[in-house]
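Colleague: Below are the structure tokens for one structure; questions will follow.
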Amino acid sequence: MEAASTQPNKCCCRKPQAATADYAGPCQPVSDPAVWSLPWVVGRIPTPVGDVPIVSTTLTWRDRLGAWKVRWAIGRMSFRVPPGLYAVGSPDENSPILATANYKLSFDQLRSQLAGRNAWVLVLDTKGVNVWCAAAKGTFSTDELVRRTQATGLAKIVSHDVLIAPQLGAVGVSAGEARTRSGFRVLFGPVRATDVPQFLDDGFKSPSMHLVRFALKDRVTLVPVELVQWARKASVASAALAILASFGREGCSWEGFVSSGLPSGLLMLFAVLSAVLFGATLLPWLPGRAFSCKGAWLGACIAVAFVAAVAWGSVGRFTPLEIAGWCIAFPVIASYVLMDFTGVTPYTSVSGVRWEVRRALPLQIAGIAVAAILWLLGRFVA
């Protein structure tokens with residue numbers, strides 16, 4: 001068990017108001033008995049509704065390995081913790097309550113910032129999705145927050161009515177409705193877990209911590225998982241294109257595969273992966289406001305590089321119509337890839353994404369159709 005903190009708890013001391021009966025099940029801090037055998041559970045603390053697991057605030061090599069793996073899309077959907085109530089240090093009825101998602105990366109980020117403190121951590125069932133995405137999907141929600149506070153008997157454990165939720169979960173939680181239904185007053189804390197200690201020390205006042213920043217480091221962190229996911233999709237399209245490009249007016253041949261099929265497949269893979277890599281890193285500096293527009297500009301740069309490589313004689317043999325088809329395909333591919341990136345950035349809103357998709361997708365479909373026609377004419381007619 002970790003040593004108790006000597007810092008005073010800073011929480012409002014009001015008992016939660018009477019809540020409506022949204023959940024009729026028993027009070028249970030943790031619903032999954034397997035939680036007691038988890039390596040990051042280091043003890044238990046008794047409460048009026050039962051024992052609550054105490055979690056370590058030190059991340060082990062297993063935790064860090066798990067984080068590295070999910071960054072590369074390995075075991076992503078199984079990287080989760082059982083929802084319920086957890087303790088850090090030796091919390092009592094006056095200790096703060098912090099809510100988070102049951103995506104283990106989110107949970108680990110929060111608990112690692114609470115070293116030397118006493119706090120309760122309420123883990124919502126977000127189906128293994130991080131706070132921001134879960135809020136948009138409706139799993140980090142008012143309903144789940146209310147359900148979890150009542151399922152854990154939280155009102156019987158603490159003597160105050162303050163529950164701190166992450167700022168990025170605000171889109172999914174109605175503070176007013178949650179207060180009415182659960183009796184807890186929801187305060188939205190910092191965007192980043194690293195700011196939680198200062199937020200608690202400053203009496204829950206930290207305006208600057210509510211600002212969402214998406215710096216180069218944050219964008220680069222997202223690149224590995226995006227690369228893996230897009231590589232899986234692009235590899236199928238690349239293989240199909242390589243086989244198709246092996247055919248010519250005289251049929252299929254090994255020479256055709258080497259001279260046209262393989263370069264065409266690699267170009268497709270290069271177009272997709274370079275759009276992911278450079279789109280993420282250069283995002284703020286690409287012209288335009290819409291992600292599809294930013295991607296089109298990036299694709300145009302890739303097309304210029306392609307034409308230069310063809311002129312240099314380093315990317316295989318292509319007819320003029322094939323080159324024209326690729327010059328149209330590159331901006332379209334990059335536009336589509338970067339438009340998909342809206343789901344992993346804080347720059348967009350749900351309504352904004354829908355607006356962009358409705359307008360950009362028909363143009364992208366038309367563009368790739370024109371590119372395909374030119375390419376086919378170049379391969380089999382010209």
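Each chain in the structure tokens gets a letter, A, B, ..., in the order shown, and its residues are numbered from 1; ligands are numbered from 1 in order too.
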Write out as a ChimeraX atom specification the residues lying within 12 Å of Phe341 of chain A, counting only C-alpha atoms and excluding same-chain residues fewer than 3 positions away.
Modeller: /A:219,222-223,225-227,229-230,275-281,283,290-292,294-295,334-338,344-348,353,357
Colleague: Keeping only C-alpha atoms, write those residues as an mmCIF file, in the first residue's frame.
Modeller:
```
data_model
loop_
_atom_site.group_PDB
_atom_site.id
_atom_site.type_symbol
_atom_site.label_atom_id
_atom_site.label_comp_id
_atom_site.auth_asym_id
_atom_site.auth_seq_id
_atom_site.Cartn_x
_atom_site.Cartn_y
_atom_site.Cartn_z
ATOM 1 C CA ARG A 219 0.423 15.265 -33.364
ATOM 2 C CA LEU A 222 -0.809 9.967 -33.063
ATOM 3 C CA VAL A 223 1.188 9.086 -36.176
ATOM 4 C CA VAL A 225 -1.429 4.177 -34.821
ATOM 5 C CA GLU A 226 -2.653 6.086 -37.882
ATOM 6 C CA LEU A 227 0.203 4.694 -39.968
ATOM 7 C CA GLN A 229 -4.337 1.484 -39.557
ATOM 8 C CA TRP A 230 -3.896 3.147 -42.946
ATOM 9 C CA ALA A 275 -0.348 11.826 -46.342
ATOM 10 C CA VAL A 276 -0.636 10.389 -42.813
ATOM 11 C CA LEU A 277 2.904 11.307 -41.789
ATOM 12 C CA PHE A 278 3.181 14.771 -43.304
ATOM 13 C CA GLY A 279 -0.491 15.594 -42.822
ATOM 14 C CA ALA A 280 -0.228 15.089 -39.074
ATOM 15 C CA THR A 281 3.063 16.898 -38.598
ATOM 16 C CA LEU A 283 -1.318 20.208 -40.111
ATOM 17 C CA ALA A 290 -10.960 22.361 -44.032
ATOM 18 C CA PHE A 291 -8.930 19.203 -43.537
ATOM 19 C CA SER A 292 -9.832 18.009 -47.030
ATOM 20 C CA LYS A 294 -5.237 20.889 -46.404
ATOM 21 C CA GLY A 295 -4.868 17.344 -47.699
ATOM 22 C CA ALA A 334 -4.251 12.954 -49.388
ATOM 23 C CA SER A 335 -7.473 14.939 -49.113
ATOM 24 C CA TYR A 336 -9.423 11.841 -48.065
ATOM 25 C CA VAL A 337 -6.748 10.642 -45.627
ATOM 26 C CA LEU A 338 -6.455 13.999 -43.917
ATOM 27 C CA VAL A 344 -8.246 12.332 -33.815
ATOM 28 C CA THR A 345 -7.713 16.069 -33.427
ATOM 29 C CA PRO A 346 -9.280 18.713 -31.173
ATOM 30 C CA TYR A 347 -9.593 21.167 -34.071
ATOM 31 C CA THR A 348 -12.995 19.984 -35.195
ATOM 32 C CA VAL A 353 -16.944 17.275 -39.675
ATOM 33 C CA VAL A 357 -17.721 15.323 -45.383
#
```
Colleague: List every residue of segment 83-312 of chain A that DSSP, applied to the backbone of this structure, places in helix (DSSP H, G or I), and write the result as an NGL selection string.
Modeller: :A and (104-112 or 131-137 or 142-151 or 154-157 or 167-172 or 175-182 or 193-201 or 207-210 or 216-245 or 254-281 or 283-285 or 291-312)
Colleague: Excluding Gly189 of chain A and its own-chain neighbours fewer than 2 positions away, which residues fall within 12 Å of it when counting only C-alpha atoms? Please give them as number ranges by chain.
Modeller: A: 96-100, 110, 162-170, 186-187, 191-200, 202-211
Colleague: Could you work out how far atom CA of Lys217 of chain A lies from atom CA of Leu269 of chain A, giving the answer in Å with one decimal?
Modeller: 24.8 Å
Colleague: What gap, in Å, lies between atom CA of Asn130 of chain A and atom CA of Gly50 of chain A?
Modeller: 27.9 Å
Colleague: Can you tell me which residues surround segment 258-262 of chain A at a distance of at most 6 Å, considering only C-alpha atoms, apart from same-chain residues fewer than 4 positions away, and format the answer as a PyMOL selection string?
Modeller: chain A and resi 242-243+245-246+316
Colleague: Which is closer to Arg80 of chain A than all the others in A:Phe330, A:Tyr103, A:Phe188, A:Trp254, using only C-alpha atoms?
Modeller: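 Using only C-alpha atoms, Arg80 of chain A sits closest to A:Tyr103.
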Colleague: Quick one: DSSP strand (DSSP E) residues in segment 238-307 of chain A, as a list in words?
Modeller: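 For segment 238-307 of chain A, the strand (DSSP E) set is Phe247, Gly248, Gly251 and Cys252 of chain A.
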Colleague: Output C-alpha atoms for every residue in that selection, as a PDB file, in the first residue's frame.
Modeller:
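Writing done, so here's again_37.pdb:
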```pdb
ATOM      1  CA  PHE A 247      -1.328  -6.062 -67.433  1.00  0.00           C
ATOM      2  CA  GLY A 248      -0.835  -4.122 -70.615  1.00  0.00           C
ATOM      3  CA  GLY A 251      -1.398  -9.095 -71.485  1.00  0.00           C
ATOM      4  CA  CYS A 252       0.304  -9.813 -68.168  1.00  0.00           C
TER       5      CYS A 252
END
```
Colleague: Of the candidates A:Gln113, A:Arg359, A:Val171, A:Ala101, which shows the shortest atom-to-atom distance to Arg148 of chain A, using only C-alpha atoms?
Modeller: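 The answer is A:Ala101, which sits nearest to Arg148 of chain A.
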Colleague: I need the residue nearest His160 of chain A from this list: A:Asp92, A:Asp218, A:Asp108, A:Asp201. Use only C-alpha atoms for the distance.
Modeller: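 For His160 of chain A, the nearest of the candidates is A:Asp92.
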Colleague: Can you pull out every residue within 12 Å of Val55 of chain A, counting only C-alpha atoms, but drop anything in the same chain fewer than 4 positions away, and send it as a PyMOL selection string?
Modeller: chain A and resi 1-3+35-45+59+81+85-91+107-108+110-112+114-115+117-121
Colleague: To one decimal place in Å, what is the distance between atom CA of Ser253 of chain A and atom CA of Leu376 of chain A?
Modeller: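 Pair atom CA of Ser253 of chain A / atom CA of Leu376 of chain A returns 17.1 Å.
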Colleague: Would you pick out the contacts of segment 172-174 of chain A at 7 Å or less, using only C-alpha atoms, so that residues sharing its chain but fewer than 4 positions from it are not included, and give the list as JSON, numbers by chain?
Modeller: {"A": [135, 136, 138, 140, 141, 142, 178]}
Colleague: Please provide as a list of chain:residue names all residues within 9 Å of Ile333 of chain A, with the sequence filter that same-chain residues fewer than 6 positions apart are discarded (counting only C-alpha atoms).
Modeller: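 Residues meeting the cut-off are A:Met268, A:Ala271, A:Val272, A:Ala275, A:Gly295, A:Ala296, A:Gly299, A:Gln364, A:Ile368.
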